[in-house]
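Heads up, the thing below is written out as structure tokens.
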Amino acid sequence: MKVTSVTDLPGLQVFPCPVCGLDDVLPMAGELRRCACQRCGTFEITGTTVATLGDWATDKPRLRAGLSAYLRQTGLQGIVPRLTSELDLTRIADSYCHTSFQTKLRRVMERYEELTSEPGDLVLLNDDLDYPLFDAASPGEVGFLTVVLVEQGLLKGESLSSAIGLRITADGWLSLQPKSGGVAGSCFVAMAFGAELDAAYESGIMPAIKTDCGFESIRLDRVEHTENINDKILADIRRAQFLVADFTHHRNGVYFEAGFGLGLGKTVIWTCRKDNFQEHVHFDTRPYNHIQWETPVDLRVKLANRIRAVIPNAKRD
């Protein structure tokens, strides 16, 4: 028997997810409990935290949705998040509650692309389960975002059995191409240079970008040129489809390059070695979801997973 949800198992009692309230979580026991929710993904949570989140259902519904977004999106990186009383859950959830409208529209389009086998396919999006992927507050918000994309001519609806399927239009496919003059398939890497981090690049960042995801990796000290160094940096960032910025050792140049990329509307993937993150990452950048890595191999796996999650034309296994 194929099982798509724990609710498909006859005679099995399930419980509401302690974060989103969806009735699809297996019975939990012990102080550290593992939940597998169709909406939030797989995560671990302590009994104390379950009690803390009890009031969120009625008093803080928006934060509840933000925490679901954190769990679901972190899980896509191959990480099983753990919710404990030591975490500032309000701050974590709130960081997912201020995503711009334009970013949410882009994420919905990218989800339709991900679910499309070939151009012209009709797709059914599960608003009820997938709204955390877009930092949306509810399925209703995803419905509104979808209506906007239809009105913009990027999606087109058509009857599919008892539901309405949507397909990406020609204009929709064009909208998914890299913006801001970026060249599809190129990634600018901003990081501290030096022997200590060479292995992080050679065995972590570069193979994740090039071998695992199929992009060109551009790191300034590995490119021969005769141009003014500052002009070269800005030109390469403008040409890149997206950026990877590693903040280990916290070089001012890395902060500048990441900020310049954000200003151009490019996706920036944030990374930092774990022992450098807690004490040294600047307050202004902490809200961004950094990949915290311990070894080059760990960095490679986590970075490849993140690229595949947020860059639409990444190579997949």
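Lettering and numbering for the structure tokens are positional, with chains as A, B, ... in the shown order, residues counted from 1 in each chain, and ligands counted from 1 in the shown order.
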
Once DSSP has gone over the backbone, tell me which residues of segment 107-275 of chain A are in alpha helix (DSSP H), as a short mmCIF file (atom, residue, chain, number, x, y, z; two decimals) with N, CA and C atoms, in the first residue's frame.
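As written to disk, out-v1.cif reads:
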data_model
loop_
_atom_site.label_atom_id
_atom_site.label_comp_id
_atom_site.auth_asym_id
_atom_site.auth_seq_id
_atom_site.Cartn_x
_atom_site.Cartn_y
_atom_site.Cartn_z
N ARG A 107 8.73 33.39 -5.84
CA ARG A 107 8.82 32.05 -5.27
C ARG A 107 7.67 31.16 -5.74
N VAL A 108 6.48 31.74 -5.88
CA VAL A 108 5.35 30.96 -6.39
C VAL A 108 5.63 30.52 -7.83
N MET A 109 6.14 31.44 -8.64
CA MET A 109 6.48 31.09 -10.02
C MET A 109 7.53 29.99 -10.06
N GLU A 110 8.53 30.09 -9.21
CA GLU A 110 9.59 29.08 -9.19
C GLU A 110 9.05 27.72 -8.73
N ARG A 111 8.04 27.73 -7.86
CA ARG A 111 7.42 26.47 -7.44
C ARG A 111 6.68 25.82 -8.62
N TYR A 112 5.97 26.65 -9.40
CA TYR A 112 5.31 26.11 -10.59
C TYR A 112 6.33 25.54 -11.57
N GLU A 113 7.46 26.22 -11.70
CA GLU A 113 8.51 25.70 -12.58
C GLU A 113 9.04 24.36 -12.07
N GLU A 114 9.24 24.28 -10.76
CA GLU A 114 9.76 23.05 -10.16
C GLU A 114 8.81 21.88 -10.39
N LEU A 115 7.50 22.13 -10.37
CA LEU A 115 6.50 21.08 -10.53
C LEU A 115 6.18 20.77 -11.98
N ASP A 127 -1.93 24.69 -2.08
CA ASP A 127 -1.78 25.91 -1.27
C ASP A 127 -1.74 25.61 0.22
N ASP A 128 -2.57 24.63 0.64
CA ASP A 128 -2.69 24.35 2.07
C ASP A 128 -1.40 23.81 2.67
N LEU A 129 -0.66 23.03 1.90
CA LEU A 129 0.58 22.45 2.43
C LEU A 129 1.81 23.27 2.08
N ASP A 130 1.77 24.02 0.99
CA ASP A 130 2.99 24.64 0.48
C ASP A 130 3.15 26.12 0.81
N PRO A 139 -2.94 29.73 3.24
CA PRO A 139 -3.26 29.30 1.88
C PRO A 139 -3.97 30.38 1.08
N GLY A 140 -4.77 31.19 1.77
CA GLY A 140 -5.48 32.27 1.09
C GLY A 140 -4.54 33.27 0.45
N GLU A 141 -3.42 33.55 1.12
CA GLU A 141 -2.45 34.49 0.54
C GLU A 141 -1.83 33.90 -0.72
N VAL A 142 -1.56 32.59 -0.71
CA VAL A 142 -1.02 31.95 -1.91
C VAL A 142 -2.03 32.04 -3.05
N GLY A 143 -3.33 31.86 -2.72
CA GLY A 143 -4.36 32.00 -3.74
C GLY A 143 -4.36 33.38 -4.36
N PHE A 144 -4.19 34.40 -3.53
CA PHE A 144 -4.14 35.78 -4.04
C PHE A 144 -2.90 35.99 -4.91
N LEU A 145 -1.75 35.48 -4.47
CA LEU A 145 -0.53 35.61 -5.27
C LEU A 145 -0.72 34.94 -6.64
N THR A 146 -1.38 33.80 -6.64
CA THR A 146 -1.61 33.09 -7.90
C THR A 146 -2.51 33.90 -8.82
N VAL A 147 -3.56 34.52 -8.26
CA VAL A 147 -4.44 35.36 -9.07
C VAL A 147 -3.66 36.51 -9.70
N VAL A 148 -2.77 37.12 -8.93
CA VAL A 148 -1.95 38.21 -9.46
C VAL A 148 -1.09 37.73 -10.63
N LEU A 149 -0.49 36.54 -10.49
CA LEU A 149 0.35 36.00 -11.56
C LEU A 149 -0.47 35.69 -12.81
N VAL A 150 -1.72 35.25 -12.62
CA VAL A 150 -2.61 35.03 -13.77
C VAL A 150 -2.93 36.36 -14.43
N GLU A 151 -3.24 37.37 -13.62
CA GLU A 151 -3.56 38.70 -14.16
C GLU A 151 -2.37 39.30 -14.90
N ALA A 170 4.26 31.59 -21.99
CA ALA A 170 5.54 31.96 -22.59
C ALA A 170 6.16 33.14 -21.83
N ASP A 171 5.34 34.13 -21.48
CA ASP A 171 5.85 35.27 -20.71
C ASP A 171 6.31 34.82 -19.33
N GLY A 172 5.62 33.81 -18.78
CA GLY A 172 6.03 33.29 -17.48
C GLY A 172 7.41 32.65 -17.53
N TRP A 173 7.66 31.86 -18.57
CA TRP A 173 8.99 31.25 -18.71
C TRP A 173 10.06 32.31 -18.86
N LEU A 174 9.76 33.36 -19.62
CA LEU A 174 10.75 34.44 -19.79
C LEU A 174 11.01 35.15 -18.46
N SER A 175 9.96 35.28 -17.64
CA SER A 175 10.12 35.96 -16.35
C SER A 175 11.03 35.19 -15.40
N ALA A 195 45.13 30.73 2.76
CA ALA A 195 45.33 29.28 2.78
C ALA A 195 44.34 28.57 3.69
N GLU A 196 43.92 29.24 4.78
CA GLU A 196 43.03 28.58 5.73
C GLU A 196 41.69 28.21 5.11
N LEU A 197 41.24 29.00 4.13
CA LEU A 197 39.93 28.75 3.52
C LEU A 197 40.03 28.17 2.12
N ASP A 198 41.23 27.85 1.67
CA ASP A 198 41.37 27.26 0.33
C ASP A 198 40.60 25.95 0.22
N ALA A 199 40.67 25.11 1.25
CA ALA A 199 39.97 23.83 1.21
C ALA A 199 38.46 24.04 1.19
N ALA A 200 37.99 25.08 1.89
CA ALA A 200 36.55 25.36 1.89
C ALA A 200 36.07 25.67 0.49
N MET A 206 33.28 25.40 -4.57
CA MET A 206 33.39 25.21 -6.02
C MET A 206 32.71 23.94 -6.51
N PRO A 207 32.94 22.77 -5.90
CA PRO A 207 32.24 21.58 -6.41
C PRO A 207 30.73 21.63 -6.20
N ILE A 229 40.76 46.55 -10.10
CA ILE A 229 40.19 45.49 -9.29
C ILE A 229 38.76 45.80 -8.84
N ASN A 230 38.50 47.07 -8.47
CA ASN A 230 37.16 47.42 -8.01
C ASN A 230 36.15 47.36 -9.14
N ASP A 231 36.55 47.85 -10.33
CA ASP A 231 35.65 47.78 -11.48
C ASP A 231 35.37 46.32 -11.85
N LYS A 232 36.41 45.49 -11.74
CA LYS A 232 36.25 44.07 -12.08
C LYS A 232 35.26 43.39 -11.13
N ILE A 233 35.35 43.69 -9.84
CA ILE A 233 34.43 43.11 -8.86
C ILE A 233 32.99 43.49 -9.20
N LEU A 234 32.75 44.79 -9.42
CA LEU A 234 31.38 45.24 -9.69
C LEU A 234 30.85 44.66 -10.99
N ALA A 235 31.70 44.58 -12.02
CA ALA A 235 31.27 44.03 -13.30
C ALA A 235 30.92 42.56 -13.17
N ASP A 236 31.74 41.80 -12.45
CA ASP A 236 31.49 40.36 -12.30
C ASP A 236 30.21 40.11 -11.50
N ILE A 237 29.94 40.93 -10.49
CA ILE A 237 28.70 40.77 -9.73
C ILE A 237 27.50 41.08 -10.62
N ARG A 238 27.61 42.14 -11.43
CA ARG A 238 26.51 42.48 -12.34
C ARG A 238 26.23 41.33 -13.32
N ARG A 239 27.29 40.67 -13.76
CA ARG A 239 27.12 39.61 -14.76
C ARG A 239 26.63 38.30 -14.16
N ASN A 252 35.37 42.97 5.35
CA ASN A 252 34.46 44.04 4.95
C ASN A 252 34.07 43.92 3.48
N GLY A 253 35.00 43.46 2.66
CA GLY A 253 34.71 43.33 1.24
C GLY A 253 33.59 42.35 0.96
N VAL A 254 33.49 41.29 1.75
CA VAL A 254 32.43 40.31 1.54
C VAL A 254 31.08 40.94 1.86
N TYR A 255 31.01 41.72 2.93
CA TYR A 255 29.76 42.40 3.27
C TYR A 255 29.38 43.36 2.14
N PHE A 256 30.36 44.09 1.61
CA PHE A 256 30.08 45.03 0.52
C PHE A 256 29.56 44.31 -0.72
N GLU A 257 30.24 43.24 -1.11
CA GLU A 257 29.86 42.52 -2.33
C GLU A 257 28.48 41.89 -2.21
N ALA A 258 28.17 41.34 -1.03
CA ALA A 258 26.85 40.76 -0.82
C ALA A 258 25.78 41.86 -0.88
N GLY A 259 26.06 43.00 -0.26
CA GLY A 259 25.11 44.11 -0.28
C GLY A 259 24.90 44.66 -1.68
N PHE A 260 25.97 44.74 -2.45
CA PHE A 260 25.86 45.22 -3.84
C PHE A 260 24.99 44.26 -4.65
N GLY A 261 25.20 42.97 -4.45
CA GLY A 261 24.38 41.99 -5.15
C GLY A 261 22.91 42.10 -4.77
N LEU A 262 22.63 42.27 -3.48
CA LEU A 262 21.24 42.44 -3.04
C LEU A 262 20.62 43.68 -3.67
N GLY A 263 21.41 44.76 -3.75
CA GLY A 263 20.91 45.99 -4.35
C GLY A 263 20.54 45.83 -5.81
N LYS A 274 30.85 27.58 11.28
CA LYS A 274 30.05 27.61 12.50
C LYS A 274 30.76 28.29 13.66
N ASP A 275 32.06 28.05 13.83
CA ASP A 275 32.75 28.63 14.98
C ASP A 275 32.94 30.14 14.83
#

Notebook entry, point to check: Looking at only C-alpha atoms, which of A:Gln241, A:Thr169, A:Thr295, A:Asn305 is the one that sits closest to Ala208 of chain A?
Noted result: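 So, comparing all the options, the nearest one is A:Asn305.
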
Check: Which polymer residues have any atom within 6 Å of an atom of segment 215-217 of chain A, counting only C-alpha atoms, with same-chain residues fewer than 3 positions away left out, as number ranges by chain?
Finding: A: 185-187, 209-210

Note to self: What parts of segment 89-238 of chain A does DSSP call strand (DSSP E)? I'd like the answer as number ranges by chain.
What the structure shows: A: 155-160, 163-168, 186-190, 216-218

Next item on the list: For Ile205 of chain A, please output as a PyMOL selection string all residues within 12 Å (counting only C-alpha atoms; exclusion window: fewer than 3 positions along the same chain).
Entry: chain A and resi 187-191+197-202+208-213+215-219+243-246+269-272+291+293+295-307

Give me a file of those residues, with N, CA and C atoms, as a CSV table (one decimal), in the first residue's frame.
chain,number,residue,atom,x,y,z
A,187,CYS,N,27.9,32.1,-11.1
A,187,CYS,CA,27.8,32.5,-9.7
A,187,CYS,C,29.1,33.2,-9.2
A,188,PHE,N,28.9,34.3,-8.6
A,188,PHE,CA,30.1,35.1,-8.1
A,188,PHE,C,30.3,34.7,-6.6
A,189,VAL,N,31.5,34.3,-6.3
A,189,VAL,CA,31.8,33.9,-4.9
A,189,VAL,C,32.5,35.0,-4.2
A,190,ALA,N,32.0,35.5,-3.1
A,190,ALA,CA,32.6,36.4,-2.2
A,190,ALA,C,33.1,35.7,-0.9
A,191,MET,N,34.3,35.8,-0.6
A,191,MET,CA,34.9,35.2,0.6
A,191,MET,C,36.2,35.7,0.9
A,197,LEU,N,41.2,29.0,4.1
A,197,LEU,CA,39.9,28.8,3.5
A,197,LEU,C,40.0,28.2,2.1
A,198,ASP,N,41.2,27.9,1.7
A,198,ASP,CA,41.4,27.3,0.3
A,198,ASP,C,40.6,26.0,0.2
A,199,ALA,N,40.7,25.1,1.3
A,199,ALA,CA,40.0,23.8,1.2
A,199,ALA,C,38.5,24.0,1.2
A,200,ALA,N,38.0,25.1,1.9
A,200,ALA,CA,36.6,25.4,1.9
A,200,ALA,C,36.1,25.7,0.5
A,201,TYR,N,36.9,26.4,-0.3
A,201,TYR,CA,36.5,26.7,-1.7
A,201,TYR,C,36.7,25.5,-2.6
A,202,GLU,N,37.9,24.9,-2.5
A,202,GLU,CA,38.3,23.8,-3.5
A,202,GLU,C,37.4,22.5,-3.3
A,208,ALA,N,30.3,22.3,-5.1
A,208,ALA,CA,28.8,22.4,-4.9
A,208,ALA,C,28.2,23.2,-6.1
A,209,ILE,N,28.9,24.3,-6.4
A,209,ILE,CA,28.4,25.2,-7.5
A,209,ILE,C,28.5,24.6,-8.9
A,210,LYS,N,29.7,24.0,-9.2
A,210,LYS,CA,30.0,23.6,-10.5
A,210,LYS,C,29.6,22.1,-10.8
A,211,THR,N,30.1,21.2,-9.9
A,211,THR,CA,29.9,19.8,-10.2
A,211,THR,C,28.5,19.4,-9.8
A,212,ASP,N,28.0,19.8,-8.7
A,212,ASP,CA,26.7,19.4,-8.2
A,212,ASP,C,25.5,20.1,-8.8
A,213,CYS,N,25.7,21.4,-9.1
A,213,CYS,CA,24.6,22.2,-9.6
A,213,CYS,C,24.7,22.8,-11.0
A,215,PHE,N,26.8,25.2,-12.4
A,215,PHE,CA,27.0,26.6,-12.6
A,215,PHE,C,28.5,26.9,-12.7
A,216,GLU,N,28.9,28.0,-13.3
A,216,GLU,CA,30.3,28.5,-13.4
A,216,GLU,C,30.5,29.2,-12.1
A,217,SER,N,31.7,28.9,-11.4
A,217,SER,CA,32.0,29.6,-10.2
A,217,SER,C,33.1,30.7,-10.5
A,218,ILE,N,32.8,31.9,-10.1
A,218,ILE,CA,33.7,33.0,-10.4
A,218,ILE,C,34.2,33.6,-9.0
A,219,ARG,N,35.5,33.4,-8.8
A,219,ARG,CA,36.2,33.9,-7.6
A,219,ARG,C,37.3,34.8,-8.1
A,243,LEU,N,24.9,35.0,-6.2
A,243,LEU,CA,26.1,35.1,-5.4
A,243,LEU,C,26.1,34.1,-4.3
A,244,VAL,N,27.3,33.6,-3.9
A,244,VAL,CA,27.5,32.9,-2.7
A,244,VAL,C,28.5,33.7,-1.9
A,245,ALA,N,28.1,34.1,-0.7
A,245,ALA,CA,29.0,34.9,0.2
A,245,ALA,C,29.3,34.2,1.5
A,246,ASP,N,30.6,33.9,1.7
A,246,ASP,CA,31.0,33.2,2.9
A,246,ASP,C,31.6,34.3,3.8
A,269,ILE,N,23.3,33.7,-1.4
A,269,ILE,CA,23.3,32.6,-0.5
A,269,ILE,C,24.4,32.9,0.5
A,270,TRP,N,24.0,32.9,1.8
A,270,TRP,CA,24.9,33.3,2.9
A,270,TRP,C,25.5,32.0,3.6
A,271,THR,N,26.8,32.0,3.8
A,271,THR,CA,27.4,30.9,4.5
A,271,THR,C,28.4,31.4,5.5
A,272,CYS,N,28.8,30.7,6.5
A,272,CYS,CA,29.8,31.0,7.5
A,272,CYS,C,30.2,29.8,8.3
A,291,ILE,N,24.0,29.4,6.0
A,291,ILE,CA,24.5,28.0,6.1
A,291,ILE,C,25.7,28.0,7.0
A,293,TRP,N,28.6,25.9,8.5
A,293,TRP,CA,29.3,24.7,8.1
A,293,TRP,C,30.4,24.4,9.0
A,295,THR,N,33.0,21.6,8.1
A,295,THR,CA,34.0,21.0,7.2
A,295,THR,C,33.7,21.4,5.8
A,296,PRO,N,34.7,21.3,4.9
A,296,PRO,CA,34.4,21.5,3.5
A,296,PRO,C,33.4,20.6,2.9
A,297,VAL,N,33.4,19.3,3.3
A,297,VAL,CA,32.4,18.4,2.8
A,297,VAL,C,31.0,18.7,3.3
A,298,ASP,N,30.9,19.1,4.6
A,298,ASP,CA,29.7,19.6,5.1
A,298,ASP,C,29.2,20.8,4.3
A,299,LEU,N,30.1,21.7,4.0
A,299,LEU,CA,29.7,22.9,3.3
A,299,LEU,C,29.2,22.6,1.9
A,300,ARG,N,29.9,21.6,1.2
A,300,ARG,CA,29.5,21.2,-0.1
A,300,ARG,C,28.0,20.7,-0.2
A,301,VAL,N,27.7,19.8,0.8
A,301,VAL,CA,26.4,19.2,0.8
A,301,VAL,C,25.3,20.3,1.1
A,302,LYS,N,25.6,21.1,2.1
A,302,LYS,CA,24.6,22.1,2.5
A,302,LYS,C,24.4,23.2,1.4
A,303,LEU,N,25.5,23.6,0.8
A,303,LEU,CA,25.4,24.6,-0.3
A,303,LEU,C,24.7,24.1,-1.5
A,304,ALA,N,25.0,22.9,-1.9
A,304,ALA,CA,24.3,22.3,-3.1
A,304,ALA,C,22.8,22.2,-2.8
A,305,ASN,N,22.5,21.8,-1.7
A,305,ASN,CA,21.0,21.7,-1.3
A,305,ASN,C,20.4,23.1,-1.4
A,306,ARG,N,21.1,24.1,-0.8
A,306,ARG,CA,20.5,25.4,-0.8
A,306,ARG,C,20.3,26.0,-2.2
A,307,ILE,N,21.4,25.8,-3.1
A,307,ILE,CA,21.3,26.3,-4.4
A,307,ILE,C,20.1,25.7,-5.2
